[in-house]
There are 2 protein chains.
Amino acid sequence: MDENNPPLIALRPRKARSGDRAVRPVRHAAARGLAKENAVDKAYLEDLAPGQVFTSDARTVVDADAIKRFGGEFDPQPWHLSETVARSTFFKELVASGWHTTALTMQLIIQTLPLSGGIIGSGVDELRWPRPVRPGDTLRLHCEIIDVQESKLRPASGTVRVRMTTLNQNDQPVQTMIANLLAFRRPEQTA
Amino acid sequence: MDENNPPLIALRPRKARSGDRAVRPVRHAAARGLAKENAVDKAYLEDLAPGQVFTSDARTVVDADAIKRFGGEFDPQPWHLSETVARSTFFKELVASGWHTTALTMQLIIQTLPLSGGIIGSGVDELRWPRPVRPGDTLRLHCEIIDVQESKLRPASGTVRVRMTTLNQNDQPVQTMIANLLAFRRPEQTA
């Protein structure tokens, strides 16, 4: 991105706090270049433009028990269930299910993208897992808006396409995808 | 598919049993037109061709507690957490996270596709959630192989592209995707 031609808004979410996984959706606050903490708590369709980047301060640590628990419930294959048995498989070690990686990424998306109506996805393109998530990995998220389209059918909303890269502690991508998210237009103010 | 021109193999997995979510990967057995129960326990790259269809007898019932548990851990937004609060949201009711639907679909894939090396995905294209999964829904899976490619780099394996449709009890798609899966060539027999 051109430093001399910054995006309309460049947001960074606040750091994750211990209560982030509780019932209420995480609220976003700190914005670079904006003094008021809540100024970009909600981004509407009009606030979004291609080139804007959102990155997570929040980091997710993945441990072997969580990998096995998710695997046991949703993806019961040996490489997600046992370090010992995994050694004789294609992966040669315990690794997280790709669907566990998507779910962990969803945690990070909620903490990273301050969309006014929350994160409502209609779909995902080009989901890839270039390398597996391993026990002890720490994940973070990099999002770049690549397209913003107003809806022809529903004038109050539109679609934002976001390229999302989930990185491990060595800055290696463990997952990439393009998510199509719903974004709402700012409600008209009544006097 | 043309009844007079059937695919190389047309497989149906055995019915789900109570132990299906246990540690060992599910083994596939009953094959249409094949007497021996284990005849198509494993499908290798050479056994797969476009047009082959695999459907799950196994069905997955989704309940409100599971939706809230997954939502609380991975997608803590109000429409995944509380029937009451969900009423005033875009969805107007409790619905499953799309990533919960993918994870539930993974359970069904393992029970449905008899790939010799297990289900190892390199990625997914065109993942869509045309309607949400609701409490009480029963899910099943329809898979159609749309492409089979040998690997140029690794002669022992290849990629199978599979169109996967997750359907609810009203035969409505709740999820569609094209999965790119690894398939292994049959090992050469040593005399």
# chains A, B, ... in the order shown; residues from 1 in each chain; ligands from 1
>>> closest_atom_pairs(of="chain A", to="chain B", cutoff="6 Å", atoms="only C-alpha atoms", output="Markdown table")
| residue | atom | partner | partner_atom | distance |
| --- | --- | --- | --- | --- |
| A:Val23 | CA | B:Pro76 | CA | 5.8 |
| A:Pro25 | CA | B:Gln77 | CA | 5.1 |
| A:Phe74 | CA | B:Gln107 | CA | 5.1 |
| A:Asp75 | CA | B:Gln107 | CA | 5.8 |
| A:Pro76 | CA | B:Pro25 | CA | 5.7 |
| A:Gln77 | CA | B:Pro25 | CA | 5.2 |
| A:Trp99 | CA | B:Ala103 | CA | 5.9 |
| A:Ala103 | CA | B:Phe74 | CA | 5.6 |
| A:Gln107 | CA | B:Phe74 | CA | 5.1 |
| A:Ser122 | CA | B:Trp129 | CA | 5.9 |
| A:Gly123 | CA | B:Arg128 | CA | 4.2 |
| A:Val124 | CA | B:Leu127 | CA | 5.0 |
| A:Asp125 | CA | B:Glu126 | CA | 4.9 |
| A:Glu126 | CA | B:Asp125 | CA | 4.9 |
| A:Leu127 | CA | B:Val124 | CA | 5.0 |
| A:Arg128 | CA | B:Gly123 | CA | 4.2 |
| A:Trp129 | CA | B:Ser122 | CA | 5.9 |
>>> select_by_dssp(residues="segment 73-107 of chain B", states="alpha helix (DSSP H)", output="number ranges by chain")
B: 73-74, 83-86, 98-107
>>> atom_distance(atom1="atom CA of Thr84 of chain B", atom2="atom CA of Leu113 of chain A")
25.0 Å
>>> atom_distance(atom1="atom CA of Ile145 of chain A", atom2="atom CA of Phe54 of chain A")
8.4 Å
>>> closest_atom_pairs(of="segment 59-161 of chain A", to="segment 41-53 of chain A", cutoff="10 Å", atoms="only C-alpha atoms", output="JSON lines")
{"residue": "A:Leu113", "atom": "CA", "partner": "A:Ala43", "partner_atom": "CA", "distance": 8.5}
{"residue": "A:Pro114", "atom": "CA", "partner": "A:Lys42", "partner_atom": "CA", "distance": 5.4}
{"residue": "A:Leu115", "atom": "CA", "partner": "A:Ala43", "partner_atom": "CA", "distance": 4.8}
{"residue": "A:Ser116", "atom": "CA", "partner": "A:Lys42", "partner_atom": "CA", "distance": 4.3}
{"residue": "A:Gly117", "atom": "CA", "partner": "A:Lys42", "partner_atom": "CA", "distance": 8.0}
{"residue": "A:Gly118", "atom": "CA", "partner": "A:Lys42", "partner_atom": "CA", "distance": 8.9}
{"residue": "A:His142", "atom": "CA", "partner": "A:Val53", "partner_atom": "CA", "distance": 7.4}
{"residue": "A:Cys143", "atom": "CA", "partner": "A:Val53", "partner_atom": "CA", "distance": 5.6}
{"residue": "A:Glu144", "atom": "CA", "partner": "A:Val53", "partner_atom": "CA", "distance": 4.5}
{"residue": "A:Ile145", "atom": "CA", "partner": "A:Pro50", "partner_atom": "CA", "distance": 4.8}
{"residue": "A:Ile146", "atom": "CA", "partner": "A:Pro50", "partner_atom": "CA", "distance": 4.5}
{"residue": "A:Asp147", "atom": "CA", "partner": "A:Pro50", "partner_atom": "CA", "distance": 5.2}
{"residue": "A:Val148", "atom": "CA", "partner": "A:Ala49", "partner_atom": "CA", "distance": 6.2}
{"residue": "A:Gln149", "atom": "CA", "partner": "A:Leu45", "partner_atom": "CA", "distance": 8.7}
{"residue": "A:Glu150", "atom": "CA", "partner": "A:Leu45", "partner_atom": "CA", "distance": 8.0}
{"residue": "A:Ala156", "atom": "CA", "partner": "A:Leu45", "partner_atom": "CA", "distance": 9.0}
{"residue": "A:Ser157", "atom": "CA", "partner": "A:Leu45", "partner_atom": "CA", "distance": 7.1}
{"residue": "A:Gly158", "atom": "CA", "partner": "A:Leu45", "partner_atom": "CA", "distance": 6.7}
{"residue": "A:Thr159", "atom": "CA", "partner": "A:Leu45", "partner_atom": "CA", "distance": 8.2}
{"residue": "A:Val160", "atom": "CA", "partner": "A:Leu45", "partner_atom": "CA", "distance": 7.9}
{"residue": "A:Arg161", "atom": "CA", "partner": "A:Pro50", "partner_atom": "CA", "distance": 8.7}
>>> write_last_selection(atoms="N, CA and C atoms", output="PDB file, in the first residue's frame")
ATOM      1  N   LEU A 113     -11.909  -7.560  12.545  1.00  0.00           N
ATOM      2  CA  LEU A 113     -12.682  -6.772  11.571  1.00  0.00           C
ATOM      3  C   LEU A 113     -13.858  -6.102  12.266  1.00  0.00           C
ATOM      4  N   PRO A 114     -13.890  -4.762  12.304  1.00  0.00           N
ATOM      5  CA  PRO A 114     -14.934  -4.073  13.079  1.00  0.00           C
ATOM      6  C   PRO A 114     -16.197  -3.785  12.266  1.00  0.00           C
ATOM      7  N   LEU A 115     -16.733  -4.781  11.570  1.00  0.00           N
ATOM      8  CA  LEU A 115     -17.928  -4.528  10.756  1.00  0.00           C
ATOM      9  C   LEU A 115     -19.127  -4.243  11.654  1.00  0.00           C
ATOM     10  N   SER A 116     -19.919  -3.261  11.250  1.00  0.00           N
ATOM     11  CA  SER A 116     -21.005  -2.770  12.108  1.00  0.00           C
ATOM     12  C   SER A 116     -22.015  -3.858  12.449  1.00  0.00           C
ATOM     13  N   GLY A 117     -22.297  -4.743  11.523  1.00  0.00           N
ATOM     14  CA  GLY A 117     -23.330  -5.760  11.783  1.00  0.00           C
ATOM     15  C   GLY A 117     -22.754  -7.081  12.233  1.00  0.00           C
ATOM     16  N   GLY A 118     -21.467  -7.089  12.578  1.00  0.00           N
ATOM     17  CA  GLY A 118     -20.825  -8.362  12.933  1.00  0.00           C
ATOM     18  C   GLY A 118     -20.301  -9.037  11.681  1.00  0.00           C
ATOM     19  N   HIS A 142      -4.140 -11.557   9.252  1.00  0.00           N
ATOM     20  CA  HIS A 142      -3.938 -10.379   8.400  1.00  0.00           C
ATOM     21  C   HIS A 142      -5.091 -10.327   7.399  1.00  0.00           C
ATOM     22  N   CYS A 143      -5.814  -9.209   7.384  1.00  0.00           N
ATOM     23  CA  CYS A 143      -6.944  -9.056   6.465  1.00  0.00           C
ATOM     24  C   CYS A 143      -6.712  -7.869   5.547  1.00  0.00           C
ATOM     25  N   GLU A 144      -6.996  -8.044   4.277  1.00  0.00           N
ATOM     26  CA  GLU A 144      -6.959  -6.913   3.346  1.00  0.00           C
ATOM     27  C   GLU A 144      -8.246  -6.893   2.545  1.00  0.00           C
ATOM     28  N   ILE A 145      -8.882  -5.725   2.530  1.00  0.00           N
ATOM     29  CA  ILE A 145     -10.114  -5.597   1.740  1.00  0.00           C
ATOM     30  C   ILE A 145      -9.730  -5.485   0.275  1.00  0.00           C
ATOM     31  N   ILE A 146     -10.334  -6.341  -0.563  1.00  0.00           N
ATOM     32  CA  ILE A 146      -9.959  -6.320  -1.982  1.00  0.00           C
ATOM     33  C   ILE A 146     -11.108  -5.857  -2.863  1.00  0.00           C
ATOM     34  N   ASP A 147     -12.332  -5.817  -2.335  1.00  0.00           N
ATOM     35  CA  ASP A 147     -13.444  -5.320  -3.154  1.00  0.00           C
ATOM     36  C   ASP A 147     -14.606  -4.956  -2.239  1.00  0.00           C
ATOM     37  N   VAL A 148     -15.341  -3.925  -2.646  1.00  0.00           N
ATOM     38  CA  VAL A 148     -16.557  -3.510  -1.920  1.00  0.00           C
ATOM     39  C   VAL A 148     -17.644  -3.301  -2.961  1.00  0.00           C
ATOM     40  N   GLN A 149     -18.741  -4.006  -2.821  1.00  0.00           N
ATOM     41  CA  GLN A 149     -19.839  -3.895  -3.794  1.00  0.00           C
ATOM     42  C   GLN A 149     -21.134  -3.566  -3.066  1.00  0.00           C
ATOM     43  N   GLU A 150     -21.851  -2.554  -3.578  1.00  0.00           N
ATOM     44  CA  GLU A 150     -23.188  -2.291  -3.054  1.00  0.00           C
ATOM     45  C   GLU A 150     -24.149  -3.346  -3.600  1.00  0.00           C
ATOM     46  N   ALA A 156     -29.615  -1.280   1.485  1.00  0.00           N
ATOM     47  CA  ALA A 156     -29.067  -1.015   2.822  1.00  0.00           C
ATOM     48  C   ALA A 156     -27.794  -1.799   3.109  1.00  0.00           C
ATOM     49  N   SER A 157     -27.395  -2.655   2.176  1.00  0.00           N
ATOM     50  CA  SER A 157     -26.213  -3.475   2.460  1.00  0.00           C
ATOM     51  C   SER A 157     -25.376  -3.719   1.212  1.00  0.00           C
ATOM     52  N   GLY A 158     -24.285  -4.391   1.398  1.00  0.00           N
ATOM     53  CA  GLY A 158     -23.390  -4.719   0.297  1.00  0.00           C
ATOM     54  C   GLY A 158     -22.485  -5.861   0.694  1.00  0.00           C
ATOM     55  N   THR A 159     -21.555  -6.180  -0.182  1.00  0.00           N
ATOM     56  CA  THR A 159     -20.635  -7.280   0.074  1.00  0.00           C
ATOM     57  C   THR A 159     -19.202  -6.766   0.077  1.00  0.00           C
ATOM     58  N   VAL A 160     -18.449  -7.185   1.054  1.00  0.00           N
ATOM     59  CA  VAL A 160     -17.030  -6.848   1.141  1.00  0.00           C
ATOM     60  C   VAL A 160     -16.244  -8.128   0.931  1.00  0.00           C
ATOM     61  N   ARG A 161     -15.307  -8.091   0.002  1.00  0.00           N
ATOM     62  CA  ARG A 161     -14.417  -9.250  -0.194  1.00  0.00           C
ATOM     63  C   ARG A 161     -13.113  -8.976   0.527  1.00  0.00           C
TER      64      ARG A 161
END
>>> decode(residues="segment 172-183 of chain B", atoms="C-alpha atoms", output="compact mmCIF listing (two decimals), in the first residue's frame")
# COMPACT_ATOMS: atom_id res chain seq x y z
CA GLN B 172 -32.39 -27.98 0.95
CA PRO B 173 -28.67 -27.27 0.59
CA VAL B 174 -27.20 -25.62 3.68
CA GLN B 175 -23.66 -25.75 2.31
CA THR B 176 -21.96 -26.32 -1.03
CA MET B 177 -18.25 -26.49 -1.78
CA ILE B 178 -15.67 -27.99 -4.11
CA ALA B 179 -12.98 -29.79 -2.12
CA ASN B 180 -9.53 -30.63 -3.46
CA LEU B 181 -8.48 -33.90 -1.87
CA LEU B 182 -5.33 -35.94 -1.98
CA ALA B 183 -5.71 -39.46 -3.40
